[in-house]
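See structure below.
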Amino acid sequence: MTMTHTTTWEIAVLDGGPAHGWRLEVADRPRVIQVTSPCQVRSAPDGVRAEGVYVYRIDHTVTGEPLRYGYDVASP
């Protein structure tokens, strides 16, 4: 017997941090969303880059759309 998985897309909103208020569609309720922002690097070797990383964690108390993801100031 073969089981199939149907992807469920839902609207989510980011709360706090640099992406506050962003609305996006997420599949299957990920526990964490990562937002990145490029940084300007001086004297870096070819192919090397730096990005700021911001982590948002799902608020499990919200059960319907829009899902809410709160900014985690302690991450990564």
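Naming works like this for the structure tokens: A, B, ... for the chains as they're shown, residue 1 at the start of each chain, ligands 1 onward in shown order.
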
Q | DSSP strand (DSSP E) residues within chain A, listed as a PyMOL selection string | A | chain A and resi 9-15+23-27+32-39+50-58+67-71

Q) Near region 40-54 of chain A, counting only C-alpha atoms, which residues have an atom at most 9 Å away, once you skip same-chain residues fewer than 2 positions from it, shown as a list in words? A)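 With the cut-off at 9 Å, the set is Gly17, Pro18, Ala19, Ile33, Gln34, Val35, Thr36, Ser37, Pro38, Tyr56, Tyr71, Asp72, Val73, Ser75 and Pro76 of chain A.
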
Output for the residues just chosen: N, CA, C and O atoms as a PDB file, in the first residue's frame:
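Output (result_25.pdb):
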```
ATOM      1  N   GLY A  17      11.009  41.811  14.904  1.00  0.00           N
ATOM      2  CA  GLY A  17      12.237  41.709  14.123  1.00  0.00           C
ATOM      3  C   GLY A  17      12.202  42.464  12.805  1.00  0.00           C
ATOM      4  O   GLY A  17      11.280  43.229  12.540  1.00  0.00           O
ATOM      5  N   PRO A  18      13.193  42.221  11.960  1.00  0.00           N
ATOM      6  CA  PRO A  18      13.329  42.978  10.718  1.00  0.00           C
ATOM      7  C   PRO A  18      12.264  42.651   9.665  1.00  0.00           C
ATOM      8  O   PRO A  18      12.070  43.427   8.739  1.00  0.00           O
ATOM      9  N   ALA A  19      11.570  41.535   9.797  1.00  0.00           N
ATOM     10  CA  ALA A  19      10.553  41.153   8.818  1.00  0.00           C
ATOM     11  C   ALA A  19       9.143  41.291   9.396  1.00  0.00           C
ATOM     12  O   ALA A  19       8.202  40.668   8.916  1.00  0.00           O
ATOM     13  N   ILE A  33      11.069  29.600  10.657  1.00  0.00           N
ATOM     14  CA  ILE A  33      11.291  30.278   9.383  1.00  0.00           C
ATOM     15  C   ILE A  33      12.542  31.120   9.545  1.00  0.00           C
ATOM     16  O   ILE A  33      12.707  31.821  10.545  1.00  0.00           O
ATOM     17  N   GLN A  34      13.425  31.039   8.572  1.00  0.00           N
ATOM     18  CA  GLN A  34      14.666  31.798   8.594  1.00  0.00           C
ATOM     19  C   GLN A  34      14.609  32.882   7.524  1.00  0.00           C
ATOM     20  O   GLN A  34      14.304  32.599   6.379  1.00  0.00           O
ATOM     21  N   VAL A  35      14.897  34.108   7.931  1.00  0.00           N
ATOM     22  CA  VAL A  35      14.967  35.245   7.016  1.00  0.00           C
ATOM     23  C   VAL A  35      16.427  35.689   6.971  1.00  0.00           C
ATOM     24  O   VAL A  35      17.077  35.781   8.015  1.00  0.00           O
ATOM     25  N   THR A  36      16.945  35.942   5.782  1.00  0.00           N
ATOM     26  CA  THR A  36      18.336  36.381   5.666  1.00  0.00           C
ATOM     27  C   THR A  36      18.406  37.732   4.973  1.00  0.00           C
ATOM     28  O   THR A  36      17.520  38.107   4.202  1.00  0.00           O
ATOM     29  N   SER A  37      19.461  38.452   5.269  1.00  0.00           N
ATOM     30  CA  SER A  37      19.711  39.754   4.666  1.00  0.00           C
ATOM     31  C   SER A  37      21.191  39.825   4.292  1.00  0.00           C
ATOM     32  O   SER A  37      22.053  39.560   5.127  1.00  0.00           O
ATOM     33  N   PRO A  38      21.505  40.172   3.031  1.00  0.00           N
ATOM     34  CA  PRO A  38      22.907  40.206   2.637  1.00  0.00           C
ATOM     35  C   PRO A  38      23.686  41.301   3.362  1.00  0.00           C
ATOM     36  O   PRO A  38      23.146  42.355   3.677  1.00  0.00           O
ATOM     37  N   TYR A  56      12.439  33.027  13.108  1.00  0.00           N
ATOM     38  CA  TYR A  56      11.068  33.190  13.588  1.00  0.00           C
ATOM     39  C   TYR A  56      10.529  31.809  13.932  1.00  0.00           C
ATOM     40  O   TYR A  56      10.656  30.871  13.158  1.00  0.00           O
ATOM     41  N   TYR A  71       9.501  36.528  16.318  1.00  0.00           N
ATOM     42  CA  TYR A  71      10.936  36.750  16.184  1.00  0.00           C
ATOM     43  C   TYR A  71      11.663  36.228  17.411  1.00  0.00           C
ATOM     44  O   TYR A  71      11.262  36.481  18.544  1.00  0.00           O
ATOM     45  N   ASP A  72      12.708  35.454  17.196  1.00  0.00           N
ATOM     46  CA  ASP A  72      13.500  34.884  18.280  1.00  0.00           C
ATOM     47  C   ASP A  72      14.796  35.683  18.392  1.00  0.00           C
ATOM     48  O   ASP A  72      15.719  35.480  17.610  1.00  0.00           O
ATOM     49  N   VAL A  73      14.869  36.580  19.375  1.00  0.00           N
ATOM     50  CA  VAL A  73      16.032  37.462  19.514  1.00  0.00           C
ATOM     51  C   VAL A  73      17.289  36.697  19.924  1.00  0.00           C
ATOM     52  O   VAL A  73      18.398  37.194  19.748  1.00  0.00           O
ATOM     53  N   SER A  75      18.276  33.755  18.708  1.00  0.00           N
ATOM     54  CA  SER A  75      18.760  32.858  17.645  1.00  0.00           C
ATOM     55  C   SER A  75      19.650  33.603  16.699  1.00  0.00           C
ATOM     56  O   SER A  75      19.527  34.814  16.531  1.00  0.00           O
ATOM     57  N   PRO A  76      20.475  32.934  15.977  1.00  0.00           N
ATOM     58  CA  PRO A  76      20.682  31.509  16.006  1.00  0.00           C
ATOM     59  C   PRO A  76      21.578  31.166  17.106  1.00  0.00           C
ATOM     60  O   PRO A  76      22.439  30.891  17.530  1.00  0.00           O
TER      61      PRO A  76
END
```

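Relative to CA of Val55 (chain A), CA of Arg29 (chain A) is found at 14.9 Å.
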
Residues within 10 Å of Pro30 (chain A), please, as a PDB file with N, CA and C atoms, in the first residue's frame. Count only C-alpha atoms; anything in the same chain fewer than 2 positions from it doesn't count.
```
ATOM      1  N   VAL A  26       3.151  29.239   3.839  1.00  0.00           N
ATOM      2  CA  VAL A  26       4.034  28.177   4.321  1.00  0.00           C
ATOM      3  C   VAL A  26       3.379  26.827   4.061  1.00  0.00           C
ATOM      4  N   ALA A  27       4.200  25.826   3.837  1.00  0.00           N
ATOM      5  CA  ALA A  27       3.710  24.469   3.605  1.00  0.00           C
ATOM      6  C   ALA A  27       3.903  23.634   4.858  1.00  0.00           C
ATOM      7  N   ASP A  28       2.858  22.990   5.296  1.00  0.00           N
ATOM      8  CA  ASP A  28       2.909  22.010   6.382  1.00  0.00           C
ATOM      9  C   ASP A  28       3.438  22.551   7.709  1.00  0.00           C
ATOM     10  N   VAL A  32      10.129  26.558  12.233  1.00  0.00           N
ATOM     11  CA  VAL A  32      11.012  27.719  12.189  1.00  0.00           C
ATOM     12  C   VAL A  32      11.043  28.271  10.764  1.00  0.00           C
ATOM     13  N   ILE A  33      11.069  29.600  10.657  1.00  0.00           N
ATOM     14  CA  ILE A  33      11.291  30.278   9.383  1.00  0.00           C
ATOM     15  C   ILE A  33      12.542  31.120   9.545  1.00  0.00           C
ATOM     16  N   ARG A  57       9.914  31.686  15.115  1.00  0.00           N
ATOM     17  CA  ARG A  57       9.397  30.393  15.578  1.00  0.00           C
ATOM     18  C   ARG A  57       7.871  30.437  15.618  1.00  0.00           C
ATOM     19  N   ILE A  58       7.264  29.305  15.248  1.00  0.00           N
ATOM     20  CA  ILE A  58       5.806  29.234  15.197  1.00  0.00           C
ATOM     21  C   ILE A  58       5.207  29.414  16.594  1.00  0.00           C
ATOM     22  N   TYR A  69       4.321  33.639  13.489  1.00  0.00           N
ATOM     23  CA  TYR A  69       5.696  33.271  13.796  1.00  0.00           C
ATOM     24  C   TYR A  69       6.346  34.454  14.501  1.00  0.00           C
TER      25      TYR A  69
END
```

Contacts of His20 (chain A) within 9 Å, only C-alpha atoms, excl. fewer than 4 positions in-chain, as a PDB file with all heavy atoms, in the first residue's frame:
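Output below, filename result_6.pdb:
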```pdb
ATOM      1  N   VAL A  13       2.019  35.097   9.260  1.00  0.00           N
ATOM      2  CA  VAL A  13       2.512  36.463   9.437  1.00  0.00           C
ATOM      3  C   VAL A  13       3.685  36.426  10.408  1.00  0.00           C
ATOM      4  O   VAL A  13       3.680  35.664  11.375  1.00  0.00           O
ATOM      5  CB  VAL A  13       1.392  37.418   9.924  1.00  0.00           C
ATOM      6  CG1 VAL A  13       0.886  37.043  11.301  1.00  0.00           C
ATOM      7  CG2 VAL A  13       1.842  38.851   9.883  1.00  0.00           C
ATOM      8  N   LEU A  14       4.725  37.228  10.111  1.00  0.00           N
ATOM      9  CA  LEU A  14       5.893  37.310  10.982  1.00  0.00           C
ATOM     10  C   LEU A  14       5.717  38.460  11.957  1.00  0.00           C
ATOM     11  O   LEU A  14       5.302  39.551  11.566  1.00  0.00           O
ATOM     12  CB  LEU A  14       7.164  37.493  10.148  1.00  0.00           C
ATOM     13  CG  LEU A  14       7.421  36.412   9.094  1.00  0.00           C
ATOM     14  CD1 LEU A  14       8.738  36.673   8.374  1.00  0.00           C
ATOM     15  CD2 LEU A  14       7.402  35.017   9.691  1.00  0.00           C
ATOM     16  N   ASP A  15       6.030  38.214  13.217  1.00  0.00           N
ATOM     17  CA  ASP A  15       5.795  39.182  14.285  1.00  0.00           C
ATOM     18  C   ASP A  15       7.123  39.589  14.925  1.00  0.00           C
ATOM     19  O   ASP A  15       7.820  38.750  15.486  1.00  0.00           O
ATOM     20  CB  ASP A  15       4.865  38.549  15.324  1.00  0.00           C
ATOM     21  CG  ASP A  15       4.429  39.525  16.390  1.00  0.00           C
ATOM     22  OD1 ASP A  15       4.453  40.740  16.143  1.00  0.00           O
ATOM     23  OD2 ASP A  15       4.050  39.059  17.483  1.00  0.00           O
ATOM     24  N   GLY A  16       7.466  40.874  14.821  1.00  0.00           N
ATOM     25  CA  GLY A  16       8.692  41.394  15.417  1.00  0.00           C
ATOM     26  C   GLY A  16       9.874  41.281  14.469  1.00  0.00           C
ATOM     27  O   GLY A  16       9.771  40.756  13.367  1.00  0.00           O
ATOM     28  N   GLY A  70       6.838  34.229  15.713  1.00  0.00           N
ATOM     29  CA  GLY A  70       7.453  35.288  16.511  1.00  0.00           C
ATOM     30  C   GLY A  70       8.962  35.325  16.349  1.00  0.00           C
ATOM     31  O   GLY A  70       9.617  34.282  16.253  1.00  0.00           O
ATOM     32  N   TYR A  71       9.501  36.528  16.318  1.00  0.00           N
ATOM     33  CA  TYR A  71      10.936  36.750  16.184  1.00  0.00           C
ATOM     34  C   TYR A  71      11.663  36.228  17.411  1.00  0.00           C
ATOM     35  O   TYR A  71      11.262  36.481  18.544  1.00  0.00           O
ATOM     36  CB  TYR A  71      11.193  38.248  16.013  1.00  0.00           C
ATOM     37  CG  TYR A  71      12.630  38.644  15.934  1.00  0.00           C
ATOM     38  CD1 TYR A  71      13.465  38.114  14.980  1.00  0.00           C
ATOM     39  CD2 TYR A  71      13.162  39.570  16.831  1.00  0.00           C
ATOM     40  CE1 TYR A  71      14.798  38.488  14.895  1.00  0.00           C
ATOM     41  CE2 TYR A  71      14.484  39.962  16.751  1.00  0.00           C
ATOM     42  CZ  TYR A  71      15.299  39.420  15.779  1.00  0.00           C
ATOM     43  OH  TYR A  71      16.620  39.797  15.710  1.00  0.00           O
TER      44      TYR A  71
END
```
